[in-house]
Amino acid sequence: MHFPSNSPFTEVHGFFLECVLLNLHLRRYPPARQYQYSFWKWAIRHLEELVVGEDAEIDPRIYSHLISVMPQSIPGNIGFPPPSETYATYFWKSEGIPHGATALDRVTVLESRTVIESGTTGLRTWLASYVLAHYLILHRALVQGRRVLELGSGTGLLGLVIAALQQHPGQRELAPPSTLWLTDVNSAVLQRCQDNIRLPCNSSSRHPNLKCRLLDWTDAVDPLTRPSVQTSLAEMDLDVVAGADLVYDPSIIPALLETLHLALESRSTPPPAPQSRAVAFVALTVRNKETFARFSRAAGDMFLVEELDNGLNGADVFLHGPELDAL
């Protein structure tokens with residue numbers, strides 16, 4: 001995390017006080033206490049360095065808040081409790097908004113801070129979701145006014161970003177209207193996704209055509225369940241399939257690819273032009289090179305695959321710190 005040491009103390013201090021500590025949204029949807037404690041320790045340390053020689057002081061409310069979120073050990077236990085669930089809010093610059101209107105869009109998710117919780121890794125957000133969300137923010141037309149299916153939605157960050165892009169002013173009246181399906185195989189994970197969708201602060205709570213449903217990719221390769229999967233996907237009549245961090249085990253690759261195949265072939269009316277056919281956008285984290293290579297080969301045998309430049313050039317679409325204040 002970068003601290004703007006070259007900026008005036010009053011400007012930086014004002015940002016931390018007004019835009020973070022006293023921010024009404026962050027007070028209603030706060031990050032975990034453990035994260036807040038680490039964050040404010042870091043912020044205070046830098047503010048104390050920055051204030052040296054200035055005729056100013058750090059607001060005592062900042063110190064009081066640090067004390068209030070200080071971790072406390074549990075009697076009888078060694079050390080501190082494991083990380084708790086946390087609200088995480090992501091901001092990015094809006095486009096095409098009227099002059100004088102708010103310049104930021106945002107989504108908030110409640111997620112786990114542990115790798116595995118309740119026997120699943122789906123209750124936290126993974127890197128590939130950020131990357132694909134970044135890409136779609138930079139290329140909004142890919143999902144606006146489109147029928148979109150997300151595979152492996154998890155806590156819902158990617159789906160919430162897509163919903164926000166589809167709900168952006170000027171997009172709600174499109175014909176045909178935007179539609180979004182969010183899916184996962186784990187009922188507890190899908191419930192968390194639905195809870196995040198319904199948060200009043202998220203525009204997804206007002207999306208008229210957003211649906212969640214369980215989807216087990218192995219059903220696509222089971223002769224007994226494959227017809228029901230085909231029927232469900234045909235009803236969606238998809239334009240776009242999206243998914244992030246889907247290849248977590250080599251054994252799931254055949255089922256995933258067959259699900260993608262059925263989804264991309266689900267159009268009830270074949271489009272007249274090849275460029276208007278359904279397309280999938282998949283972002284993967286390379287944890288095991290052999291697994292990734294196996295997926296790439298198998299996908300290349302079934303589909304026309306193109307590796308895309310995410311367009312970030314090392315930058316981050318989601319905004320942090322003083323960037324928010326500068327807007």
# chains A, B, ... in the order shown; residues from 1 in each chain; ligands from 1

call {"tool": "residues_around", "arguments": {"residues": "Val69 (chain A)", "least_positions_apart": "4", "cutoff": "8 Å", "atoms": "only C-alpha atoms", "output": "ChimeraX atom specification"}}
result
/A:33-34,36-37,65

call {"tool": "select_by_dssp", "arguments": {"residues": "region 12-62 of chain A", "states": "alpha helix (DSSP H)", "output": "NGL selection string"}}
result
:A and (12-14 or 24-28 or 33-50 or 60-62)

call {"tool": "write_last_selection", "arguments": {"atoms": "N, CA and C atoms", "output": "CSV table (one decimal), in the first residue's frame"}}
result
chain,number,residue,atom,x,y,z
A,12,VAL,N,-3.7,14.9,3.4
A,12,VAL,CA,-3.6,13.5,3.7
A,12,VAL,C,-4.4,13.1,4.9
A,13,HIS,N,-4.2,13.9,6.0
A,13,HIS,CA,-5.0,13.8,7.2
A,13,HIS,C,-6.4,13.9,7.0
A,14,GLY,N,-6.8,14.9,6.2
A,14,GLY,CA,-8.2,15.1,5.9
A,14,GLY,C,-8.9,13.9,5.2
A,24,LEU,N,-19.6,7.2,5.9
A,24,LEU,CA,-20.8,6.5,6.4
A,24,LEU,C,-21.0,5.1,5.8
A,25,HIS,N,-20.5,5.0,4.6
A,25,HIS,CA,-20.6,3.6,4.0
A,25,HIS,C,-19.7,2.7,4.7
A,26,LEU,N,-18.5,3.1,5.0
A,26,LEU,CA,-17.5,2.2,5.7
A,26,LEU,C,-17.9,2.0,7.1
A,27,ARG,N,-18.6,2.9,7.7
A,27,ARG,CA,-19.1,2.6,9.1
A,27,ARG,C,-20.2,1.6,9.1
A,28,ARG,N,-21.0,1.6,8.0
A,28,ARG,CA,-22.1,0.6,7.9
A,28,ARG,C,-21.6,-0.7,7.5
A,33,ARG,N,-12.1,-6.2,12.1
A,33,ARG,CA,-11.3,-5.4,13.1
A,33,ARG,C,-9.8,-5.7,12.9
A,34,GLN,N,-9.4,-6.9,12.6
A,34,GLN,CA,-8.0,-7.2,12.4
A,34,GLN,C,-7.4,-6.3,11.3
A,35,TYR,N,-8.2,-6.2,10.2
A,35,TYR,CA,-7.7,-5.4,9.1
A,35,TYR,C,-7.6,-3.9,9.5
A,36,GLN,N,-8.7,-3.4,10.1
A,36,GLN,CA,-8.7,-2.0,10.6
A,36,GLN,C,-7.5,-1.7,11.5
A,37,TYR,N,-7.2,-2.6,12.4
A,37,TYR,CA,-6.1,-2.4,13.3
A,37,TYR,C,-4.8,-2.3,12.5
A,38,SER,N,-4.5,-3.2,11.6
A,38,SER,CA,-3.3,-3.1,10.8
A,38,SER,C,-3.3,-1.8,10.0
A,39,PHE,N,-4.4,-1.5,9.4
A,39,PHE,CA,-4.5,-0.3,8.5
A,39,PHE,C,-4.2,0.9,9.3
A,40,TRP,N,-4.9,1.1,10.5
A,40,TRP,CA,-4.7,2.3,11.2
A,40,TRP,C,-3.3,2.4,11.9
A,41,LYS,N,-2.7,1.3,12.2
A,41,LYS,CA,-1.4,1.4,12.7
A,41,LYS,C,-0.4,1.9,11.6
A,42,TRP,N,-0.6,1.4,10.4
A,42,TRP,CA,0.2,1.9,9.3
A,42,TRP,C,-0.1,3.3,9.0
A,43,ALA,N,-1.4,3.7,9.0
A,43,ALA,CA,-1.7,5.1,8.7
A,43,ALA,C,-1.2,6.1,9.7
A,44,ILE,N,-1.3,5.7,11.0
A,44,ILE,CA,-0.8,6.6,12.1
A,44,ILE,C,0.7,6.8,12.1
A,45,ARG,N,1.4,5.7,11.8
A,45,ARG,CA,2.8,5.7,11.7
A,45,ARG,C,3.3,6.7,10.7
A,46,HIS,N,2.6,6.7,9.5
A,46,HIS,CA,3.0,7.6,8.4
A,46,HIS,C,2.6,9.0,8.7
A,47,LEU,N,1.4,9.2,9.3
A,47,LEU,CA,0.9,10.5,9.6
A,47,LEU,C,1.8,11.2,10.7
A,48,GLU,N,2.3,10.4,11.6
A,48,GLU,CA,3.2,10.9,12.7
A,48,GLU,C,4.5,11.4,12.0
A,49,GLU,N,5.0,10.7,11.0
A,49,GLU,CA,6.2,11.1,10.3
A,49,GLU,C,5.9,12.4,9.5
A,50,LEU,N,4.7,12.4,8.9
A,50,LEU,CA,4.4,13.6,8.0
A,50,LEU,C,4.1,14.8,8.8
A,60,PRO,N,-7.6,13.3,17.5
A,60,PRO,CA,-7.7,12.2,18.6
A,60,PRO,C,-8.6,11.1,18.2
A,61,ARG,N,-9.6,11.3,17.4
A,61,ARG,CA,-10.6,10.3,17.0
A,61,ARG,C,-9.9,9.2,16.3
A,62,ILE,N,-8.8,9.5,15.6
A,62,ILE,CA,-8.1,8.4,14.9
A,62,ILE,C,-7.4,7.5,15.9

call {"tool": "select_by_dssp", "arguments": {"residues": "region 167-261 of chain A", "states": "strand (DSSP E)", "output": "PyMOL selection string"}}
result
chain A and resi 179-184+210-214+240-244

call {"tool": "closest_residue", "arguments": {"among": "A:Arg146, A:Ala263, A:Asp245, A:Thr89", "to": "Ser129 (chain A)", "atoms": "only C-alpha atoms"}}
result
A:Asp245

call {"tool": "atom_distance", "arguments": {"atom1": "CA of Arg267 (chain A)", "atom2": "CA of Val240 (chain A)"}}
result
10.6 Å
